[in-house]
Structure formats: C-alpha cells, structure tokens
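Structure file run.cif with mmCIF, C-alpha atoms:
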data_structure
loop_
_atom_site.group_PDB
_atom_site.id
_atom_site.type_symbol
_atom_site.label_atom_id
_atom_site.label_comp_id
_atom_site.auth_asym_id
_atom_site.auth_seq_id
_atom_site.Cartn_x
_atom_site.Cartn_y
_atom_site.Cartn_z
ATOM 1 C CA MET A 1 -11.583 -19.609 -2.747
ATOM 2 C CA LEU A 2 -13.271 -18.670 0.531
ATOM 3 C CA TYR A 3 -15.476 -21.774 0.601
ATOM 4 C CA PRO A 4 -13.572 -24.518 -1.230
ATOM 5 C CA ASP A 5 -15.538 -27.403 0.273
ATOM 6 C CA LEU A 6 -18.983 -25.809 0.080
ATOM 7 C CA ILE A 7 -21.385 -27.344 -2.427
ATOM 8 C CA LEU A 8 -24.322 -25.127 -3.357
ATOM 9 C CA SER A 9 -27.420 -25.676 -5.440
ATOM 10 C CA GLU A 10 -28.181 -23.398 -8.394
ATOM 11 C CA PRO A 11 -30.782 -21.346 -6.433
ATOM 12 C CA GLU A 12 -28.318 -20.898 -3.558
ATOM 13 C CA VAL A 13 -25.624 -19.703 -5.967
ATOM 14 C CA ARG A 14 -28.051 -17.171 -7.493
ATOM 15 C CA GLU A 15 -29.076 -15.960 -4.012
ATOM 16 C CA ILE A 16 -25.453 -15.479 -2.958
ATOM 17 C CA LEU A 17 -24.562 -13.705 -6.206
ATOM 18 C CA ASN A 18 -27.529 -11.379 -5.663
ATOM 19 C CA LEU A 19 -26.323 -10.681 -2.124
ATOM 20 C CA ILE A 20 -22.846 -9.901 -3.459
ATOM 21 C CA TRP A 21 -24.367 -7.682 -6.150
ATOM 22 C CA GLU A 22 -26.268 -5.800 -3.434
ATOM 23 C CA SER A 23 -23.792 -5.652 -0.562
ATOM 24 C CA VAL A 24 -20.425 -5.512 -2.348
ATOM 25 C CA TYR A 25 -21.362 -3.671 -5.544
ATOM 26 C CA GLY A 26 -24.275 -1.584 -4.239
ATOM 27 C CA LYS A 27 -26.526 -2.853 -7.024
ATOM 28 C CA LEU A 28 -24.219 -0.984 -9.424
ATOM 29 C CA GLN A 29 -26.074 2.241 -8.690
ATOM 30 C CA SER A 30 -22.936 4.365 -8.609
ATOM 31 C CA ASN A 31 -22.197 6.673 -11.527
ATOM 32 C CA ALA A 32 -18.664 5.318 -11.708
ATOM 33 C CA THR A 33 -16.868 4.935 -15.009
ATOM 34 C CA GLU A 34 -15.907 1.563 -16.393
ATOM 35 C CA LYS A 35 -12.315 2.238 -15.324
ATOM 36 C CA ASP A 36 -13.482 2.967 -11.763
ATOM 37 C CA TRP A 37 -15.515 -0.237 -11.684
ATOM 38 C CA LEU A 38 -12.548 -2.262 -12.893
ATOM 39 C CA LYS A 39 -10.392 -0.704 -10.186
ATOM 40 C CA TYR A 40 -13.073 -1.476 -7.594
ATOM 41 C CA GLN A 41 -13.310 -5.053 -8.908
ATOM 42 C CA ASP A 42 -9.546 -5.388 -8.485
ATOM 43 C CA THR A 43 -9.797 -4.102 -4.922
ATOM 44 C CA ALA A 44 -12.659 -6.514 -4.156
ATOM 45 C CA PHE A 45 -10.562 -9.430 -5.458
ATOM 46 C CA ASN A 46 -7.637 -8.280 -3.331
ATOM 47 C CA ARG A 47 -9.911 -8.196 -0.285
ATOM 48 C CA VAL A 48 -11.173 -11.716 -1.008
ATOM 49 C CA ASN A 49 -7.573 -12.919 -1.429
ATOM 50 C CA MET A 50 -6.640 -11.215 1.821
ATOM 51 C CA VAL A 51 -9.402 -13.097 3.667
ATOM 52 C CA ALA A 52 -8.413 -16.375 1.976
ATOM 53 C CA ARG A 53 -4.780 -15.937 3.073
ATOM 54 C CA TRP A 54 -5.949 -15.155 6.605
ATOM 55 C CA LEU A 55 -8.030 -18.342 6.674
ATOM 56 C CA THR A 56 -5.112 -20.385 5.315
ATOM 57 C CA ARG A 57 -2.652 -19.010 7.885
ATOM 58 C CA SER A 58 -5.070 -19.414 10.777
ATOM 59 C CA PRO A 59 -7.004 -22.673 10.502
ATOM 60 C CA GLY A 60 -8.899 -21.895 13.713
ATOM 61 C CA HIS A 61 -10.469 -18.797 12.152
ATOM 62 C CA TRP A 62 -13.624 -18.863 10.116
ATOM 63 C CA ILE A 63 -16.042 -16.672 8.254
ATOM 64 C CA PRO A 64 -19.812 -17.175 8.169
ATOM 65 C CA LYS A 65 -21.509 -19.025 5.332
ATOM 66 C CA PRO A 66 -21.737 -16.902 2.167
ATOM 67 C CA HIS A 67 -25.439 -16.087 2.496
ATOM 68 C CA ILE A 68 -24.634 -14.513 5.880
ATOM 69 C CA TYR A 69 -21.173 -13.117 5.078
ATOM 70 C CA PHE A 70 -22.406 -11.174 2.060
ATOM 71 C CA HIS A 71 -25.806 -10.210 3.455
ATOM 72 C CA PRO A 72 -26.205 -6.400 3.478
ATOM 73 C CA ASN A 73 -27.872 -6.420 6.912
ATOM 74 C CA ASN A 74 -25.103 -8.412 8.596
ATOM 75 C CA GLU A 75 -23.339 -5.794 10.700
ATOM 76 C CA ARG A 76 -21.234 -8.116 12.803
ATOM 77 C CA ASN A 77 -18.957 -10.061 10.485
ATOM 78 C CA ARG A 78 -19.621 -9.126 6.902
ATOM 79 C CA PHE A 79 -17.401 -8.699 3.883
ATOM 80 C CA LYS A 80 -17.647 -4.867 4.036
ATOM 81 C CA LYS A 81 -15.550 -4.930 7.207
ATOM 82 C CA THR A 82 -12.568 -6.068 5.148
ATOM 83 C CA TRP A 83 -12.327 -2.540 3.713
ATOM 84 C CA GLN A 84 -10.666 -1.109 6.854
ATOM 85 C CA TRP A 85 -8.395 -4.142 6.956
ATOM 86 C CA TYR A 86 -7.470 -3.622 3.295
ATOM 87 C CA VAL A 87 -6.781 0.104 3.767
ATOM 88 C CA LYS A 88 -4.578 -0.631 6.777
ATOM 89 C CA GLN A 89 -2.623 -3.229 4.789
ATOM 90 C CA GLU A 90 -2.147 -0.928 1.802
ATOM 91 C CA THR A 91 -1.080 1.949 4.070
ATOM 92 C CA LEU A 92 1.486 -0.298 5.729
ATOM 93 C CA LYS A 93 2.828 -1.350 2.311
ATOM 94 C CA ILE A 94 3.254 2.303 1.336
ATOM 95 C CA GLU A 95 4.982 3.143 4.620
ATOM 96 C CA ILE A 96 7.415 0.253 4.198
ATOM 97 C CA ARG A 97 8.067 1.225 0.562
ATOM 98 C CA ASN A 98 8.765 4.810 1.647
ATOM 99 C CA GLN A 99 11.151 3.695 4.382
ATOM 100 C CA LEU A 100 13.075 1.551 1.911
ATOM 101 C CA LEU A 101 13.257 4.389 -0.599
ATOM 102 C CA LEU A 102 14.524 6.807 2.054
ATOM 103 C CA GLN A 103 17.134 4.293 3.199
ATOM 104 C CA GLN A 104 18.304 4.064 -0.402
ATOM 105 C CA VAL A 105 18.480 7.867 -0.664
ATOM 106 C CA LYS A 106 20.494 8.125 2.529
ATOM 107 C CA SER A 107 22.845 5.395 1.374
ATOM 108 C CA GLU A 108 23.339 7.140 -1.973
ATOM 109 C CA TRP A 109 24.303 10.386 -0.226
ATOM 110 C CA GLN A 110 26.704 8.573 2.089
ATOM 111 C CA GLN A 111 28.323 6.786 -0.838
ATOM 112 C CA HIS A 112 28.517 10.038 -2.768
ATOM 113 C CA GLU A 113 30.323 11.651 0.174
ATOM 114 C CA GLN A 114 32.883 8.849 0.128
ATOM 115 C CA ASN A 115 33.213 9.097 -3.664
ATOM 116 C CA LYS A 116 31.790 5.588 -4.033
ATOM 117 C CA GLY A 117 28.707 4.062 -5.603
ATOM 118 C CA ARG A 118 27.108 4.489 -8.979
ATOM 119 C CA PHE A 119 26.648 8.267 -8.569
ATOM 120 C CA ARG A 120 30.241 9.090 -7.608
ATOM 121 C CA GLU A 121 30.789 10.905 -10.912
ATOM 122 C CA LYS A 122 27.699 13.090 -10.412
ATOM 123 C CA THR A 123 27.593 16.470 -8.716
ATOM 124 C CA ARG A 124 25.459 16.987 -5.637
ATOM 125 C CA LEU A 125 22.897 18.832 -7.733
ATOM 126 C CA GLN A 126 22.764 16.002 -10.276
ATOM 127 C CA LEU A 127 22.263 13.446 -7.510
ATOM 128 C CA PHE A 128 19.513 15.581 -6.031
ATOM 129 C CA ARG A 129 17.750 15.829 -9.427
ATOM 130 C CA ILE A 130 18.045 12.069 -10.014
ATOM 131 C CA GLN A 131 16.535 11.278 -6.625
ATOM 132 C CA GLN A 132 13.861 13.941 -6.985
ATOM 133 C CA LYS A 133 12.811 12.568 -10.370
ATOM 134 C CA ARG A 134 12.750 8.976 -9.079
ATOM 135 C CA LEU A 135 10.629 9.847 -6.046
ATOM 136 C CA ALA A 136 8.282 12.117 -8.010
ATOM 137 C CA GLY A 137 7.171 9.048 -9.938
ATOM 138 C CA TYR A 138 5.432 7.751 -6.814
ATOM 139 C CA ARG A 139 3.209 10.854 -6.550
ATOM 140 C CA ASP A 140 3.248 10.676 -2.763
ATOM 141 C CA GLU A 141 3.408 14.008 -0.945
ATOM 142 C CA SER A 142 4.358 12.419 2.385
ATOM 143 C CA LEU A 143 7.287 10.682 0.654
ATOM 144 C CA ASN A 144 8.436 14.006 -0.805
ATOM 145 C CA GLN A 145 8.265 15.680 2.606
ATOM 146 C CA ALA A 146 10.179 12.824 4.221
ATOM 147 C CA TYR A 147 12.758 13.076 1.411
ATOM 148 C CA GLN A 148 13.245 16.789 2.109
ATOM 149 C CA GLN A 149 13.801 16.039 5.813
ATOM 150 C CA CYS A 150 16.179 13.187 5.008
ATOM 151 C CA LEU A 151 18.069 15.412 2.596
ATOM 152 C CA GLN A 152 18.404 18.166 5.200
ATOM 153 C CA ARG A 153 19.715 15.668 7.754
ATOM 154 C CA CYS A 154 22.210 14.212 5.266
ATOM 155 C CA LEU A 155 23.490 17.607 4.204
ATOM 156 C CA HIS A 156 23.455 18.987 7.763
ATOM 157 C CA LEU A 157 25.567 16.085 8.999
ATOM 158 C CA LYS A 158 28.002 16.714 6.161
ATOM 159 C CA ASN A 159 28.296 20.383 7.141
ATOM 160 C CA LEU A 160 28.859 19.438 10.779
ATOM 161 C CA LYS A 161 31.659 17.079 9.784
ATOM 162 C CA ARG A 162 33.303 19.839 7.757
ATOM 163 C CA LYS A 163 33.117 22.321 10.657
ATOM 164 C CA GLN A 164 34.373 19.850 13.263
ATOM 165 C CA PRO A 165 38.112 20.345 12.649
ATOM 166 C CA ALA A 166 37.724 24.104 13.118
ATOM 167 C CA TYR A 167 36.246 23.541 16.581
ATOM 168 C CA ALA A 168 38.987 21.134 17.540
ATOM 169 C CA GLN A 169 41.660 23.839 17.320
#
Would you give me this structure, written as structure tokens?
Amino acid sequence: MLYPDLILSEPEVREILNLIWESVYGKLQSNATEKDWLKYQDTAFNRVNMVARWLTRSPGHWIPKPHIYFHPNNERNRFKKTWQWYVKQETLKIEIRNQLLLQQVKSEWQQHEQNKGRFREKTRLQLFRIQQKRLAGYRDESLNQAYQQCLQRCLHLKNLKRKQPAYAQ
C-alpha cells in the first residue's frame, strides 16, 4: 500500500516487520486488552491509509524506505508522527459532524415554529426530548453544550419575535 513497487527479500521483510513490531506496537509490552489492541490495530490501519491517500493525491511527496520510516530511532520522518495528523483529522471530522447536527437542530426548530416539517405535530417539549435523545447517542459533551447554546438562541429569537409587536405600539 505505501510501497507498491518495492520488492524486498525475505530477510528485509522480517527486518521491517520487526521494526514495525518495535516502533508501532511497542513490542506488545502494553497491558492492553485484546479489544484495545484491535482498536489500536484499526487506528494504525487508518493511519497507513491516510498516508497512502496523501501520497496518491500528491505525487511529489514521498516517505522514506520502510526500514527508515518504521525505525524507532528515526525522529525526523517516522510513522509515529502520523498520530498527530490522525488526531487532527478525527477532530475535524467530529467538528464537522457536530456543525451538521446543530444545523439540523436549528432547522427543526425553525420548521416547528412555522408548523412545518416532520415534527409539526409534536409539542416543544417532545421536540426537545427527541433532539436530546438523538444527540445523547453521540456521547460528546461539547456537542451537548453547543446544543444547549443553540437551543437558547432558537428559543430566545422566538421570544423576541413574540415581543416585537408590543414594542411597535
């Protein structure tokens, strides 16, 4: 995947696998459970795929040969550096997901105000409970806080619209 055209001898393959075992998996010295190791394996595959996509999109970029890239003493351009890149990518995915969810929430409240949409027959409390239950499934405290702020803005704007005619007199 990372080195599609590279042909290695059997001893070279063993050396590289040993380097991966040492630098990527820490010689499996962690007391992690099997479930944790499977999750870590998934993350490692995602990081490899991320690098492969980067190489595909940018033909001018390169990574060092595997015996250098996976060497534990390589501080400059080693596989371990993809961790920060991976975390940044996953954080961005979560932020985008949260923005889309909050846009949906706002739209649902606006439609509810206009007696439109799939929740038009629900009360405000029922709509709140539906949204709360849906967002709780993500188990993201920052999403819940953003939802509370969005909800306050939606309801505050509604109250301002109701009070507006009284001020106009």
Check: Quick one: residues within 12 Å of Asn74 of chain A, all atoms listed in the file counted, chain neighbours fewer than 5 positions away excluded, as a ChimeraX atom specification?
Finding: /A:19,23,64-69,79-81
Note to self: One decimal, in Å: what's the spacing between atom CA of Phe70 of chain A and atom CA of Glu22 of chain A?
What the structure shows: 8.6 Å
Considering all atoms listed in the file, tabulate each residue of segment 62-125 of chain A that lies at most 12 Å from segment 147-155 of chain A along with its nearest interatomic pair and the corresponding distance in Å to one decimal; arrange the rows by chain and ascending residue number and present them as JSON lines.
{"residue": "A:Asn98", "atom": "CA", "partner": "A:Tyr147", "partner_atom": "CA", "distance": 9.2}
{"residue": "A:Gln99", "atom": "CA", "partner": "A:Tyr147", "partner_atom": "CA", "distance": 10.0}
{"residue": "A:Leu100", "atom": "CA", "partner": "A:Tyr147", "partner_atom": "CA", "distance": 11.5}
{"residue": "A:Leu101", "atom": "CA", "partner": "A:Tyr147", "partner_atom": "CA", "distance": 8.9}
{"residue": "A:Leu102", "atom": "CA", "partner": "A:Tyr147", "partner_atom": "CA", "distance": 6.5}
{"residue": "A:Gln103", "atom": "CA", "partner": "A:Cys150", "partner_atom": "CA", "distance": 9.1}
{"residue": "A:Gln104", "atom": "CA", "partner": "A:Tyr147", "partner_atom": "CA", "distance": 10.7}
{"residue": "A:Val105", "atom": "CA", "partner": "A:Tyr147", "partner_atom": "CA", "distance": 8.0}
{"residue": "A:Lys106", "atom": "CA", "partner": "A:Cys154", "partner_atom": "CA", "distance": 6.9}
{"residue": "A:Ser107", "atom": "CA", "partner": "A:Cys154", "partner_atom": "CA", "distance": 9.7}
{"residue": "A:Glu108", "atom": "CA", "partner": "A:Cys154", "partner_atom": "CA", "distance": 10.2}
{"residue": "A:Trp109", "atom": "CA", "partner": "A:Cys154", "partner_atom": "CA", "distance": 7.0}
{"residue": "A:Gln110", "atom": "CA", "partner": "A:Cys154", "partner_atom": "CA", "distance": 7.9}
{"residue": "A:Gln111", "atom": "CA", "partner": "A:Cys154", "partner_atom": "CA", "distance": 11.4}
{"residue": "A:His112", "atom": "CA", "partner": "A:Cys154", "partner_atom": "CA", "distance": 11.0}
{"residue": "A:Glu113", "atom": "CA", "partner": "A:Cys154", "partner_atom": "CA", "distance": 9.9}
{"residue": "A:Arg124", "atom": "CA", "partner": "A:Leu155", "partner_atom": "CA", "distance": 10.1}
{"residue": "A:Leu125", "atom": "CA", "partner": "A:Leu151", "partner_atom": "CA", "distance": 11.9}
Notebook entry, point to check: Rounded to one decimal in Å, what is the spacing between atom CA of Gln84 of chain A and atom CA of Leu143 of chain A?
Noted result: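 Here the two named atoms are 22.4 Å from each other.
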Checklist line | the PyMOL selection byres ((chain A and resi 42-46) around 10) applied to the shown file, residues as a ChimeraX atom specification | finding: /A:24-25,36-41,47-52,79-80,82-83,86
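Polymer residues near (-28.0, -21.2, -3.8): counting all atoms listed in the file with a cut-off of 12 Å, they are Leu6, Ile7, Leu8, Ser9, Glu10, Pro11, Glu12, Val13, Arg14, Glu15, Ile16, Leu17, Asn18, Leu19, Lys65, Pro66 and His67 of chain A.
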For C-alpha atoms, I'd like the residues from the last selection saved as a PDB file, in the coordinates of the input.
ATOM      1  CA  LEU A   6     -18.983 -25.809   0.080  1.00  0.00           C
ATOM      2  CA  ILE A   7     -21.385 -27.344  -2.427  1.00  0.00           C
ATOM      3  CA  LEU A   8     -24.322 -25.127  -3.357  1.00  0.00           C
ATOM      4  CA  SER A   9     -27.420 -25.676  -5.440  1.00  0.00           C
ATOM      5  CA  GLU A  10     -28.181 -23.398  -8.394  1.00  0.00           C
ATOM      6  CA  PRO A  11     -30.782 -21.346  -6.433  1.00  0.00           C
ATOM      7  CA  GLU A  12     -28.318 -20.898  -3.558  1.00  0.00           C
ATOM      8  CA  VAL A  13     -25.624 -19.703  -5.967  1.00  0.00           C
ATOM      9  CA  ARG A  14     -28.051 -17.171  -7.493  1.00  0.00           C
ATOM     10  CA  GLU A  15     -29.076 -15.960  -4.012  1.00  0.00           C
ATOM     11  CA  ILE A  16     -25.453 -15.479  -2.958  1.00  0.00           C
ATOM     12  CA  LEU A  17     -24.562 -13.705  -6.206  1.00  0.00           C
ATOM     13  CA  ASN A  18     -27.529 -11.379  -5.663  1.00  0.00           C
ATOM     14  CA  LEU A  19     -26.323 -10.681  -2.124  1.00  0.00           C
ATOM     15  CA  LYS A  65     -21.509 -19.025   5.332  1.00  0.00           C
ATOM     16  CA  PRO A  66     -21.737 -16.902   2.167  1.00  0.00           C
ATOM     17  CA  HIS A  67     -25.439 -16.087   2.496  1.00  0.00           C
TER      18      HIS A  67
END
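For the pair atom CA of Asn77 of chain A and atom CA of Ile63 of chain A, the separation is 7.6 Å.
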Margin query: When you count all atoms listed in the file, which of these residues is closest to Trp21 of chain A: A:Arg139, A:Ile94, A:Pro72, A:Ala146?
Written below: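 Closest residue, counting all atoms listed in the file: A:Pro72.
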Centre and size of axis-aligned box enclosing segment 2-14 of chain A plus 5 Å each side, as lines of an AutoDock Vina configuration file:
center_x = -22.0
center_y = -22.3
center_z = -3.9
size_x = 27.5
size_y = 20.2
size_z = 19.0
Which residues, written as a PDB file with C-alpha atoms, in the coordinates of the input, have at least one atom at most 10 Å from Gln132 of chain A, with all atoms listed in the file counted and residues fewer than 3 positions away on the same chain left out?
ATOM      1  CA  VAL A 105      18.480   7.867  -0.664  1.00  0.00           C
ATOM      2  CA  GLN A 126      22.764  16.002 -10.276  1.00  0.00           C
ATOM      3  CA  LEU A 127      22.263  13.446  -7.510  1.00  0.00           C
ATOM      4  CA  PHE A 128      19.513  15.581  -6.031  1.00  0.00           C
ATOM      5  CA  ARG A 129      17.750  15.829  -9.427  1.00  0.00           C
ATOM      6  CA  LEU A 135      10.629   9.847  -6.046  1.00  0.00           C
ATOM      7  CA  ALA A 136       8.282  12.117  -8.010  1.00  0.00           C
ATOM      8  CA  GLY A 137       7.171   9.048  -9.938  1.00  0.00           C
ATOM      9  CA  ASN A 144       8.436  14.006  -0.805  1.00  0.00           C
ATOM     10  CA  TYR A 147      12.758  13.076   1.411  1.00  0.00           C
ATOM     11  CA  GLN A 148      13.245  16.789   2.109  1.00  0.00           C
TER      12      GLN A 148
END
Next item on the list: Name the closest residue to Arg97 of chain A among the candidates A:Glu121, A:Gly26, A:Glu34, A:Asp140; distances are taken between atoms, counting only C-alpha atoms.
Entry: A:Asp140
